[in-house]
Amino acid sequence: MKIRNQIMVVLAAGTLLAGCGSGQIGDTGGATTDPNNKNLALLTGMRGEPFYVSIECAAKEAAAAAGYELNVQAPEKFEQAEQAQLLSGVVSSQPGAVIIAPTDDKALATPLQQAKDNGVQVVEVDTALEDKSVAVTSLSSDNHAGGVLAAQTLADLVGQRTGTVLALNTKAGTSTTDERARGFEEEIAKHPNLRLLPTQYTENEPATAAQIVSATLAANPDLVGVFGTNLNTGEGAGTALANAGKSGQVQLVGFDASPKQVDDLRNGRVQALIAQNPAEIGREGVARAIAAIKGEPVERETRTDMIALTRDSMQSQAQYFYRATC
């Protein structure tokens with residue numbers, strides 16, 4: 001089935017352009033940062049998740065090329081208390097900048113403000129705080145547009161069939177997946193043959209996503225589509241549909257392109273993936289952290305490109321596949 005070609009969202013592949021919104025230059029304020037500080041810290045959202053591994057690998061390469069040391073930390077789960085504890089240890093080592101994917105858009109504001117007050121430049125990657133005054137710059141995918149793209153892709157896959165559609169979110173208060181869910185909901189409402197069920201939260205656990213999809217199938221035999229807002233929700237949904245013998249009958253659109261998800265796309269357990277560009281986010285995050293340390297201006301917000309991968313297009317877009325190891 002032909003998927004509409006409107007797959008490039010916001011930017012051309014592999015590039016970063018000046019940001020969205022006001023396009024204002026970030027404020028490198030806070031306590032004075034030593035411009036000769038060569039130490040950087042990266043705190044991703046979860047250890048071992050291929051999206052964050054891809055950010056880490058690119059960030060390490062960029063830091064080494066620029067002559068900077070990069071200390072990488074990550075919580076075992078996407079959970080703010082553990083990340084806040086790691087952040088405290090990182091700040092005590094006095095890096096010039098911390099590059100972070102906040103696991104909660106409110107709860108991490110206080111410790112990150114304290115880091116800023118101690119002369120540590122804050123660079124957000126992937127996720128962001130609700131308070132825009134803390135970080136000097138934010139880099140992420142245009143997640144609302146990614147949700148819109150997911151809905152368009154799912155509607156094309158379903159065609160003229162009528163039925164219900166389920167969106168799986170992770171944790172309330174996660175800026176990225178909340179925006180994806182919002183974009184999906186707004187776009188799917190434009191397709192009268194599809195009825196969106198209440199969004200369900202998985203706590204970022206694949207097993208929970210699988211349980212929700214199994215229960216939804218039992219309660220809604222007319223289920224025709226599922227959207228998983230991130231890697232873990234998509235993987236869990238794929239497992240449930242396969243176990244029910246519904247792979248390919250219920251169209252599944254996932255977010256991200258981990259090795260397992262790519263395999264699932266190849267073997268038909270997933271019909272489409274909305275892939276981000278984590279390597280570009282990692283490289284540019286380091287570049288902006290170094291610029292902020294030196295007191296140079298940086299763009300306050302930038303959005304990177306995304307693309308819809310299908311079984312037919314995946315090999316020509318292999319540069320979007322995520323890495324499991326560096």
# chains A, B, ... in the order shown; residues from 1 in each chain; ligands from 1
call {"tool": "select_by_dssp", "arguments": {"residues": "stretch 25-157 of chain A", "states": "strand (DSSP E)", "output": "list in words"}}
result
Asn39, Leu40, Ala41, Leu42, Leu43, Glu69, Leu70, Asn71, Val72, Gln73, Ala97, Val98, Ile99, Ile100, Gln121, Val122, Val123, Glu124, Val125, Thr137, Ser138, Leu139, Ser140 and Ser141 of chain A
call {"tool": "closest_atom_pairs", "arguments": {"of": "stretch 184-242 of chain A", "to": "stretch 248-264 of chain A", "cutoff": "10 Å", "atoms": "only C-alpha atoms", "output": "Markdown table"}}
result
| residue | atom | partner | partner_atom | distance |
| --- | --- | --- | --- | --- |
| A:Leu217 | CA | A:Val250 | CA | 9.5 |
| A:Asp222 | CA | A:Val250 | CA | 9.1 |
| A:Leu223 | CA | A:Val250 | CA | 6.6 |
| A:Val224 | CA | A:Val250 | CA | 4.6 |
| A:Gly225 | CA | A:Gln251 | CA | 4.5 |
| A:Val226 | CA | A:Leu252 | CA | 4.9 |
| A:Phe227 | CA | A:Val253 | CA | 4.9 |
| A:Gly228 | CA | A:Gly254 | CA | 4.8 |
| A:Thr229 | CA | A:Phe255 | CA | 5.4 |
| A:Asn230 | CA | A:Phe255 | CA | 4.7 |
| A:Leu231 | CA | A:Asp256 | CA | 5.6 |
| A:Asn232 | CA | A:Phe255 | CA | 9.0 |
| A:Thr233 | CA | A:Gly254 | CA | 7.8 |
| A:Gly234 | CA | A:Gly254 | CA | 4.8 |
| A:Glu235 | CA | A:Gln261 | CA | 6.7 |
| A:Ala237 | CA | A:Leu252 | CA | 7.8 |
| A:Gly238 | CA | A:Leu252 | CA | 7.3 |
| A:Thr239 | CA | A:Asp264 | CA | 9.6 |
| A:Leu241 | CA | A:Val250 | CA | 7.5 |
| A:Ala242 | CA | A:Gly248 | CA | 9.0 |
call {"tool": "atom_distance", "arguments": {"atom1": "atom CA of A:Gly183", "atom2": "atom CA of A:Ala155"}}
result
13.7 Å
call {"tool": "atom_distance", "arguments": {"atom1": "atom CA of A:Val91", "atom2": "atom CA of A:Thr137"}}
result
18.1 Å
call {"tool": "closest_atom_pairs", "arguments": {"of": "stretch 68-143 of chain A", "to": "stretch 275-290 of chain A", "cutoff": "10 Å", "atoms": "only C-alpha atoms", "output": "CSV"}}
result
residue,atom,partner,partner_atom,distance
A:Tyr68,CA,A:Ile290,CA,8.6
A:Leu70,CA,A:Val286,CA,9.1
A:Gly96,CA,A:Ala289,CA,8.1
A:Ala97,CA,A:Ala289,CA,5.8
A:Val98,CA,A:Ala289,CA,7.6
A:Ile99,CA,A:Gly285,CA,6.8
A:Ile100,CA,A:Gly285,CA,9.2
A:Val120,CA,A:Ala289,CA,9.8
A:Gln121,CA,A:Ala289,CA,7.0
A:Val122,CA,A:Ala289,CA,7.6
A:Val123,CA,A:Ala289,CA,6.3
A:Glu124,CA,A:Gly285,CA,7.8
A:Val125,CA,A:Gly285,CA,6.7
A:Asp126,CA,A:Ile281,CA,7.7
A:Val136,CA,A:Ala289,CA,8.7
A:Thr137,CA,A:Arg288,CA,7.5
A:Ser138,CA,A:Gly285,CA,8.3
A:Leu139,CA,A:Ile281,CA,6.3
A:Ser140,CA,A:Ile281,CA,6.8
A:Ser141,CA,A:Gln276,CA,6.6
A:Asp142,CA,A:Gln276,CA,9.2
A:Asn143,CA,A:Gln276,CA,9.4
call {"tool": "write_last_selection", "arguments": {"atoms": "N, CA, C and O atoms", "output": "mmCIF file, in the first residue's frame"}}
result
data_model
loop_
_atom_site.group_PDB
_atom_site.id
_atom_site.type_symbol
_atom_site.label_atom_id
_atom_site.label_comp_id
_atom_site.auth_asym_id
_atom_site.auth_seq_id
_atom_site.Cartn_x
_atom_site.Cartn_y
_atom_site.Cartn_z
ATOM 1 N N TYR A 68 37.188 17.453 24.295
ATOM 2 C CA TYR A 68 36.477 17.532 25.570
ATOM 3 C C TYR A 68 36.258 16.140 26.154
ATOM 4 O O TYR A 68 36.140 15.150 25.411
ATOM 5 N N LEU A 70 33.744 13.604 28.141
ATOM 6 C CA LEU A 70 32.298 13.455 28.294
ATOM 7 C C LEU A 70 32.003 12.339 29.289
ATOM 8 O O LEU A 70 32.346 11.179 29.054
ATOM 9 N N GLY A 96 31.484 21.818 32.814
ATOM 10 C CA GLY A 96 31.120 23.103 32.237
ATOM 11 C C GLY A 96 29.688 23.128 31.759
ATOM 12 O O GLY A 96 29.032 24.177 31.765
ATOM 13 N N ALA A 97 29.179 21.959 31.349
ATOM 14 C CA ALA A 97 27.802 21.865 30.863
ATOM 15 C C ALA A 97 27.273 20.470 31.112
ATOM 16 O O ALA A 97 28.026 19.489 31.093
ATOM 17 N N VAL A 98 25.978 20.382 31.344
ATOM 18 C CA VAL A 98 25.294 19.104 31.417
ATOM 19 C C VAL A 98 24.289 19.048 30.270
ATOM 20 O O VAL A 98 23.501 19.960 30.075
ATOM 21 N N ILE A 99 24.386 17.985 29.506
ATOM 22 C CA ILE A 99 23.462 17.720 28.399
ATOM 23 C C ILE A 99 22.495 16.665 28.915
ATOM 24 O O ILE A 99 22.915 15.563 29.272
ATOM 25 N N ILE A 100 21.214 16.977 28.972
ATOM 26 C CA ILE A 100 20.278 16.101 29.678
ATOM 27 C C ILE A 100 18.972 15.940 28.927
ATOM 28 O O ILE A 100 18.482 16.876 28.285
ATOM 29 N N VAL A 120 26.914 25.743 35.767
ATOM 30 C CA VAL A 120 26.847 24.641 34.800
ATOM 31 C C VAL A 120 25.818 25.003 33.730
ATOM 32 O O VAL A 120 24.650 25.254 34.042
ATOM 33 N N GLN A 121 26.243 25.034 32.485
ATOM 34 C CA GLN A 121 25.315 25.307 31.396
ATOM 35 C C GLN A 121 24.417 24.085 31.164
ATOM 36 O O GLN A 121 24.892 22.950 31.169
ATOM 37 N N VAL A 122 23.126 24.308 30.976
ATOM 38 C CA VAL A 122 22.156 23.223 30.815
ATOM 39 C C VAL A 122 21.699 23.165 29.362
ATOM 40 O O VAL A 122 21.175 24.143 28.824
ATOM 41 N N VAL A 123 21.913 22.016 28.747
ATOM 42 C CA VAL A 123 21.492 21.770 27.365
ATOM 43 C C VAL A 123 20.493 20.619 27.379
ATOM 44 O O VAL A 123 20.809 19.520 27.836
ATOM 45 N N GLU A 124 19.279 20.859 26.902
ATOM 46 C CA GLU A 124 18.255 19.814 26.861
ATOM 47 C C GLU A 124 18.293 19.096 25.515
ATOM 48 O O GLU A 124 18.378 19.734 24.463
ATOM 49 N N VAL A 125 18.218 17.768 25.563
ATOM 50 C CA VAL A 125 18.110 16.964 24.346
ATOM 51 C C VAL A 125 16.931 16.011 24.490
ATOM 52 O O VAL A 125 16.716 15.446 25.549
ATOM 53 N N ASP A 126 16.196 15.859 23.429
ATOM 54 C CA ASP A 126 15.021 14.991 23.364
ATOM 55 C C ASP A 126 13.864 15.554 24.162
ATOM 56 O O ASP A 126 12.906 16.052 23.591
ATOM 57 N N VAL A 136 19.885 26.617 28.388
ATOM 58 C CA VAL A 136 20.361 27.604 27.426
ATOM 59 C C VAL A 136 19.880 27.253 26.018
ATOM 60 O O VAL A 136 19.700 28.121 25.165
ATOM 61 N N THR A 137 19.629 25.964 25.778
ATOM 62 C CA THR A 137 19.191 25.522 24.454
ATOM 63 C C THR A 137 18.508 24.170 24.574
ATOM 64 O O THR A 137 18.787 23.398 25.499
ATOM 65 N N SER A 138 17.608 23.884 23.652
ATOM 66 C CA SER A 138 16.886 22.608 23.618
ATOM 67 C C SER A 138 16.897 22.066 22.199
ATOM 68 O O SER A 138 16.613 22.795 21.250
ATOM 69 N N LEU A 139 17.202 20.778 22.083
ATOM 70 C CA LEU A 139 17.197 20.105 20.782
ATOM 71 C C LEU A 139 16.317 18.869 20.878
ATOM 72 O O LEU A 139 16.486 18.044 21.773
ATOM 73 N N SER A 140 15.377 18.758 19.975
ATOM 74 C CA SER A 140 14.525 17.574 19.967
ATOM 75 C C SER A 140 13.858 17.462 18.606
ATOM 76 O O SER A 140 13.914 18.373 17.786
ATOM 77 N N SER A 141 13.220 16.331 18.398
ATOM 78 C CA SER A 141 12.371 16.184 17.226
ATOM 79 C C SER A 141 11.125 17.036 17.414
ATOM 80 O O SER A 141 10.748 17.376 18.538
ATOM 81 N N ASP A 142 10.469 17.389 16.328
ATOM 82 C CA ASP A 142 9.185 18.069 16.412
ATOM 83 C C ASP A 142 8.145 16.997 16.719
ATOM 84 O O ASP A 142 7.587 16.369 15.821
ATOM 85 N N ASN A 143 7.925 16.768 17.993
ATOM 86 C CA ASN A 143 7.133 15.615 18.406
ATOM 87 C C ASN A 143 5.655 15.742 18.066
ATOM 88 O O ASN A 143 5.000 14.742 17.768
#
call {"tool": "atom_distance", "arguments": {"atom1": "atom CA of A:Asn36", "atom2": "atom CA of A:Glu56"}}
result
22.9 Å
call {"tool": "residues_around", "arguments": {"residues": "A:Lys294", "least_positions_apart": "6", "cutoff": "9 Å", "atoms": "only C-alpha atoms", "output": "short mmCIF file (atom, residue, chain, number, x, y, z; two decimals) with C-alpha atoms, in the first residue's frame"}}
result
data_model
loop_
_atom_site.label_atom_id
_atom_site.label_comp_id
_atom_site.auth_asym_id
_atom_site.auth_seq_id
_atom_site.Cartn_x
_atom_site.Cartn_y
_atom_site.Cartn_z
CA THR A 33 31.15 29.34 33.67
CA ASP A 34 34.87 28.82 33.21
CA PRO A 35 35.33 29.10 29.43
CA ASN A 36 38.31 26.73 29.66
CA ASN A 37 36.35 23.94 31.34
#
call {"tool": "residues_around", "arguments": {"residues": "A:Ile212", "least_positions_apart": "3", "cutoff": "12 Å", "atoms": "only C-alpha atoms", "output": "PyMOL selection string"}}
result
chain A and resi 166-169+198-203+205-209+215-220+226+228+233-234+236-241
call {"tool": "write_last_selection", "arguments": {"atoms": "N, CA and C atoms", "output": "PDB file, in the first residue's frame"}}
result
ATOM      1  N   LEU A 166      -6.205   2.858  18.910  1.00  0.00           N
ATOM      2  CA  LEU A 166      -5.666   3.037  20.256  1.00  0.00           C
ATOM      3  C   LEU A 166      -4.316   3.725  20.198  1.00  0.00           C
ATOM      4  N   ALA A 167      -4.126   4.749  21.045  1.00  0.00           N
ATOM      5  CA  ALA A 167      -2.817   5.380  21.214  1.00  0.00           C
ATOM      6  C   ALA A 167      -2.275   5.000  22.587  1.00  0.00           C
ATOM      7  N   LEU A 168      -1.016   4.569  22.625  1.00  0.00           N
ATOM      8  CA  LEU A 168      -0.342   4.194  23.862  1.00  0.00           C
ATOM      9  C   LEU A 168       0.693   5.248  24.205  1.00  0.00           C
ATOM     10  N   ASN A 169       0.532   5.915  25.341  1.00  0.00           N
ATOM     11  CA  ASN A 169       1.516   6.868  25.824  1.00  0.00           C
ATOM     12  C   ASN A 169       2.366   6.201  26.902  1.00  0.00           C
ATOM     13  N   PRO A 198      -9.795   6.204  24.350  1.00  0.00           N
ATOM     14  CA  PRO A 198      -9.006   6.977  25.325  1.00  0.00           C
ATOM     15  C   PRO A 198      -7.557   6.512  25.355  1.00  0.00           C
ATOM     16  N   THR A 199      -6.644   7.477  25.375  1.00  0.00           N
ATOM     17  CA  THR A 199      -5.217   7.153  25.423  1.00  0.00           C
ATOM     18  C   THR A 199      -4.887   6.425  26.719  1.00  0.00           C
ATOM     19  N   GLN A 200      -4.056   5.393  26.597  1.00  0.00           N
ATOM     20  CA  GLN A 200      -3.656   4.598  27.756  1.00  0.00           C
ATOM     21  C   GLN A 200      -2.173   4.833  28.045  1.00  0.00           C
ATOM     22  N   TYR A 201      -1.810   4.748  29.331  1.00  0.00           N
ATOM     23  CA  TYR A 201      -0.424   4.963  29.765  1.00  0.00           C
ATOM     24  C   TYR A 201       0.201   3.636  30.172  1.00  0.00           C
ATOM     25  N   THR A 202       1.436   3.424  29.725  1.00  0.00           N
ATOM     26  CA  THR A 202       2.113   2.139  29.927  1.00  0.00           C
ATOM     27  C   THR A 202       3.216   2.186  30.979  1.00  0.00           C
ATOM     28  N   GLU A 203       3.496   3.365  31.537  1.00  0.00           N
ATOM     29  CA  GLU A 203       4.633   3.545  32.451  1.00  0.00           C
ATOM     30  C   GLU A 203       5.955   3.134  31.802  1.00  0.00           C
ATOM     31  N   GLU A 205       6.677   0.552  30.115  1.00  0.00           N
ATOM     32  CA  GLU A 205       6.966  -0.870  30.267  1.00  0.00           C
ATOM     33  C   GLU A 205       6.354  -1.651  29.104  1.00  0.00           C
ATOM     34  N   PRO A 206       7.180  -2.369  28.313  1.00  0.00           N
ATOM     35  CA  PRO A 206       6.626  -3.151  27.206  1.00  0.00           C
ATOM     36  C   PRO A 206       5.565  -4.153  27.643  1.00  0.00           C
ATOM     37  N   ALA A 207       5.769  -4.778  28.798  1.00  0.00           N
ATOM     38  CA  ALA A 207       4.794  -5.768  29.266  1.00  0.00           C
ATOM     39  C   ALA A 207       3.448  -5.118  29.554  1.00  0.00           C
ATOM     40  N   THR A 208       3.467  -3.913  30.096  1.00  0.00           N
ATOM     41  CA  THR A 208       2.220  -3.193  30.360  1.00  0.00           C
ATOM     42  C   THR A 208       1.534  -2.821  29.052  1.00  0.00           C
ATOM     43  N   ALA A 209       2.314  -2.386  28.063  1.00  0.00           N
ATOM     44  CA  ALA A 209       1.747  -2.076  26.749  1.00  0.00           C
ATOM     45  C   ALA A 209       1.084  -3.312  26.144  1.00  0.00           C
ATOM     46  N   ALA A 215      -6.069  -6.463  26.258  1.00  0.00           N
ATOM     47  CA  ALA A 215      -7.375  -6.130  26.827  1.00  0.00           C
ATOM     48  C   ALA A 215      -8.221  -5.326  25.847  1.00  0.00           C
ATOM     49  N   THR A 216      -7.589  -4.438  25.106  1.00  0.00           N
ATOM     50  CA  THR A 216      -8.317  -3.616  24.131  1.00  0.00           C
ATOM     51  C   THR A 216      -8.865  -4.470  22.995  1.00  0.00           C
ATOM     52  N   LEU A 217      -8.085  -5.436  22.557  1.00  0.00           N
ATOM     53  CA  LEU A 217      -8.561  -6.356  21.510  1.00  0.00           C
ATOM     54  C   LEU A 217      -9.801  -7.109  21.969  1.00  0.00           C
ATOM     55  N   ALA A 218      -9.793  -7.552  23.221  1.00  0.00           N
ATOM     56  CA  ALA A 218     -10.934  -8.297  23.741  1.00  0.00           C
ATOM     57  C   ALA A 218     -12.174  -7.420  23.852  1.00  0.00           C
ATOM     58  N   ALA A 219     -11.969  -6.154  24.258  1.00  0.00           N
ATOM     59  CA  ALA A 219     -13.106  -5.251  24.455  1.00  0.00           C
ATOM     60  C   ALA A 219     -13.571  -4.570  23.170  1.00  0.00           C
ATOM     61  N   ASN A 220     -12.685  -4.504  22.179  1.00  0.00           N
ATOM     62  CA  ASN A 220     -12.986  -3.793  20.928  1.00  0.00           C
ATOM     63  C   ASN A 220     -12.575  -4.655  19.730  1.00  0.00           C
ATOM     64  N   VAL A 226      -3.115   0.730  16.013  1.00  0.00           N
ATOM     65  CA  VAL A 226      -2.479   1.071  17.284  1.00  0.00           C
ATOM     66  C   VAL A 226      -1.292   1.975  16.989  1.00  0.00           C
ATOM     67  N   GLY A 228       2.040   3.391  19.001  1.00  0.00           N
ATOM     68  CA  GLY A 228       2.903   3.375  20.168  1.00  0.00           C
ATOM     69  C   GLY A 228       3.803   4.594  20.145  1.00  0.00           C
ATOM     70  N   THR A 233       6.577   1.146  24.091  1.00  0.00           N
ATOM     71  CA  THR A 233       5.159   0.928  23.846  1.00  0.00           C
ATOM     72  C   THR A 233       4.935   0.198  22.527  1.00  0.00           C
ATOM     73  N   GLY A 234       5.724   0.568  21.507  1.00  0.00           N
ATOM     74  CA  GLY A 234       5.592  -0.096  20.216  1.00  0.00           C
ATOM     75  C   GLY A 234       5.981  -1.563  20.277  1.00  0.00           C
ATOM     76  N   GLY A 236       5.926  -3.521  22.937  1.00  0.00           N
ATOM     77  CA  GLY A 236       4.911  -4.245  23.689  1.00  0.00           C
ATOM     78  C   GLY A 236       3.657  -4.482  22.884  1.00  0.00           C
ATOM     79  N   ALA A 237       3.229  -3.472  22.130  1.00  0.00           N
ATOM     80  CA  ALA A 237       2.046  -3.617  21.285  1.00  0.00           C
ATOM     81  C   ALA A 237       2.259  -4.681  20.222  1.00  0.00           C
ATOM     82  N   GLY A 238       3.455  -4.687  19.625  1.00  0.00           N
ATOM     83  CA  GLY A 238       3.756  -5.696  18.607  1.00  0.00           C
ATOM     84  C   GLY A 238       3.692  -7.103  19.154  1.00  0.00           C
ATOM     85  N   THR A 239       4.169  -7.295  20.368  1.00  0.00           N
ATOM     86  CA  THR A 239       4.114  -8.614  21.002  1.00  0.00           C
ATOM     87  C   THR A 239       2.670  -9.063  21.201  1.00  0.00           C
ATOM     88  N   ALA A 240       1.827  -8.156  21.694  1.00  0.00           N
ATOM     89  CA  ALA A 240       0.429  -8.504  21.942  1.00  0.00           C
ATOM     90  C   ALA A 240      -0.300  -8.856  20.653  1.00  0.00           C
ATOM     91  N   LEU A 241      -0.079  -8.076  19.610  1.00  0.00           N
ATOM     92  CA  LEU A 241      -0.760  -8.347  18.343  1.00  0.00           C
ATOM     93  C   LEU A 241      -0.290  -9.668  17.737  1.00  0.00           C
TER      94      LEU A 241
END
call {"tool": "select_by_dssp", "arguments": {"residues": "stretch 207-260 of chain A", "states": "helix (DSSP H, G or I)", "output": "short mmCIF file (atom, residue, chain, number, x, y, z; two decimals) with N, CA, C and O atoms, in the first residue's frame"}}
result
data_model
loop_
_atom_site.label_atom_id
_atom_site.label_comp_id
_atom_site.auth_asym_id
_atom_site.auth_seq_id
_atom_site.Cartn_x
_atom_site.Cartn_y
_atom_site.Cartn_z
N ALA A 207 5.77 -4.78 28.80
CA ALA A 207 4.79 -5.77 29.27
C ALA A 207 3.45 -5.12 29.55
O ALA A 207 2.39 -5.71 29.26
N THR A 208 3.47 -3.91 30.10
CA THR A 208 2.22 -3.19 30.36
C THR A 208 1.53 -2.82 29.05
O THR A 208 0.31 -2.93 28.93
N ALA A 209 2.31 -2.39 28.06
CA ALA A 209 1.75 -2.08 26.75
C ALA A 209 1.08 -3.31 26.14
O ALA A 209 -0.02 -3.23 25.57
N ALA A 210 1.75 -4.46 26.27
CA ALA A 210 1.18 -5.71 25.74
C ALA A 210 -0.13 -6.06 26.43
O ALA A 210 -1.11 -6.47 25.77
N GLN A 211 -0.18 -5.88 27.74
CA GLN A 211 -1.41 -6.18 28.48
C GLN A 211 -2.55 -5.27 28.06
O GLN A 211 -3.70 -5.72 27.90
N ILE A 212 -2.24 -3.99 27.87
CA ILE A 212 -3.28 -3.04 27.47
C ILE A 212 -3.83 -3.38 26.08
O ILE A 212 -5.05 -3.36 25.85
N VAL A 213 -2.94 -3.70 25.15
CA VAL A 213 -3.39 -4.05 23.80
C VAL A 213 -4.22 -5.32 23.81
O VAL A 213 -5.26 -5.42 23.13
N SER A 214 -3.81 -6.30 24.58
CA SER A 214 -4.58 -7.55 24.67
C SER A 214 -5.98 -7.29 25.21
O SER A 214 -6.98 -7.81 24.67
N ALA A 215 -6.07 -6.46 26.26
CA ALA A 215 -7.38 -6.13 26.83
C ALA A 215 -8.22 -5.33 25.85
O ALA A 215 -9.44 -5.52 25.75
N THR A 216 -7.59 -4.44 25.11
CA THR A 216 -8.32 -3.62 24.13
C THR A 216 -8.87 -4.47 23.00
O THR A 216 -10.00 -4.25 22.53
N LEU A 217 -8.08 -5.44 22.56
CA LEU A 217 -8.56 -6.36 21.51
C LEU A 217 -9.80 -7.11 21.97
O LEU A 217 -10.76 -7.28 21.20
N ALA A 218 -9.79 -7.55 23.22
CA ALA A 218 -10.93 -8.30 23.74
C ALA A 218 -12.17 -7.42 23.85
O ALA A 218 -13.30 -7.87 23.58
N ALA A 219 -11.97 -6.15 24.26
CA ALA A 219 -13.11 -5.25 24.46
C ALA A 219 -13.57 -4.57 23.17
O ALA A 219 -14.71 -4.11 23.09
N LEU A 231 9.56 3.64 21.78
CA LEU A 231 10.13 2.32 21.52
C LEU A 231 9.45 1.24 22.35
O LEU A 231 9.01 0.21 21.82
N ASN A 232 9.37 1.42 23.66
CA ASN A 232 8.85 0.37 24.53
C ASN A 232 7.37 0.11 24.32
O ASN A 232 6.93 -1.05 24.36
N THR A 233 6.58 1.15 24.09
CA THR A 233 5.16 0.93 23.85
C THR A 233 4.93 0.20 22.53
O THR A 233 4.09 -0.69 22.42
N GLY A 234 5.72 0.57 21.51
CA GLY A 234 5.59 -0.10 20.22
C GLY A 234 5.98 -1.56 20.28
O GLY A 234 5.31 -2.43 19.69
N GLU A 235 7.08 -1.85 20.98
CA GLU A 235 7.51 -3.24 21.10
C GLU A 235 6.48 -4.08 21.85
O GLU A 235 6.17 -5.21 21.48
N GLY A 236 5.93 -3.52 22.94
CA GLY A 236 4.91 -4.25 23.69
C GLY A 236 3.66 -4.48 22.88
O GLY A 236 3.07 -5.57 22.92
N ALA A 237 3.23 -3.47 22.13
CA ALA A 237 2.05 -3.62 21.28
C ALA A 237 2.26 -4.68 20.22
O ALA A 237 1.36 -5.49 19.94
N GLY A 238 3.46 -4.69 19.63
CA GLY A 238 3.76 -5.70 18.61
C GLY A 238 3.69 -7.10 19.15
O GLY A 238 3.21 -8.03 18.48
N THR A 239 4.17 -7.29 20.37
CA THR A 239 4.11 -8.61 21.00
C THR A 239 2.67 -9.06 21.20
O THR A 239 2.31 -10.22 20.90
N ALA A 240 1.83 -8.16 21.69
CA ALA A 240 0.43 -8.50 21.94
C ALA A 240 -0.30 -8.86 20.65
O ALA A 240 -1.06 -9.84 20.61
N LEU A 241 -0.08 -8.08 19.61
CA LEU A 241 -0.76 -8.35 18.34
C LEU A 241 -0.29 -9.67 17.74
O LEU A 241 -1.09 -10.43 17.18
N ALA A 242 1.00 -9.96 17.85
CA ALA A 242 1.52 -11.23 17.34
C ALA A 242 0.93 -12.41 18.11
O ALA A 242 0.54 -13.42 17.51
N ASN A 243 0.86 -12.27 19.42
CA ASN A 243 0.32 -13.36 20.24
C ASN A 243 -1.16 -13.61 19.94
O ASN A 243 -1.64 -14.75 20.07
N PRO A 259 16.92 -1.67 16.85
CA PRO A 259 17.17 -2.90 16.08
C PRO A 259 15.98 -3.86 16.10
O PRO A 259 15.64 -4.44 15.06
N LYS A 260 15.35 -4.04 17.26
CA LYS A 260 14.20 -4.96 17.32
C LYS A 260 13.03 -4.42 16.52
O LYS A 260 12.34 -5.17 15.82
#
call {"tool": "closest_residue", "arguments": {"among": "A:Leu43, A:Asp156, A:Lys38, A:Tyr52", "to": "A:Arg323", "atoms": "only C-alpha atoms"}}
result
A:Tyr52
call {"tool": "decode", "arguments": {"residues": "stretch 84-93 of chain A", "atoms": "N, CA, C and O atoms", "output": "compact mmCIF listing (two decimals), in the first residue's frame"}}
result
# COMPACT_ATOMS: atom_id res chain seq x y z
N ALA A 84 17.52 12.42 39.01
CA ALA A 84 17.87 13.56 39.85
C ALA A 84 19.06 13.23 40.75
O ALA A 84 19.94 14.09 40.97
N GLN A 85 19.13 12.01 41.25
CA GLN A 85 20.26 11.59 42.07
C GLN A 85 21.54 11.57 41.26
O GLN A 85 22.60 12.03 41.72
N LEU A 86 21.46 11.06 40.04
CA LEU A 86 22.63 11.05 39.16
C LEU A 86 23.06 12.48 38.84
O LEU A 86 24.26 12.78 38.80
N LEU A 87 22.09 13.34 38.61
CA LEU A 87 22.39 14.73 38.30
C LEU A 87 23.16 15.40 39.43
O LEU A 87 24.12 16.14 39.20
N SER A 88 22.77 15.11 40.67
CA SER A 88 23.46 15.68 41.83
C SER A 88 24.93 15.29 41.84
O SER A 88 25.81 16.12 42.07
N GLY A 89 25.20 14.02 41.54
CA GLY A 89 26.59 13.57 41.50
C GLY A 89 27.37 14.21 40.37
O GLY A 89 28.54 14.57 40.53
N VAL A 90 26.71 14.36 39.23
CA VAL A 90 27.36 14.96 38.07
C VAL A 90 27.72 16.42 38.35
O VAL A 90 28.83 16.88 38.07
N VAL A 91 26.78 17.16 38.91
CA VAL A 91 27.01 18.58 39.17
C VAL A 91 28.15 18.77 40.18
O VAL A 91 28.94 19.71 40.08
N SER A 92 28.26 17.85 41.14
CA SER A 92 29.33 17.97 42.14
C SER A 92 30.71 17.83 41.53
O SER A 92 31.70 18.29 42.10
N SER A 93 30.79 17.23 40.34
CA SER A 93 32.08 17.11 39.64
C SER A 93 32.42 18.36 38.83
O SER A 93 33.46 18.40 38.18
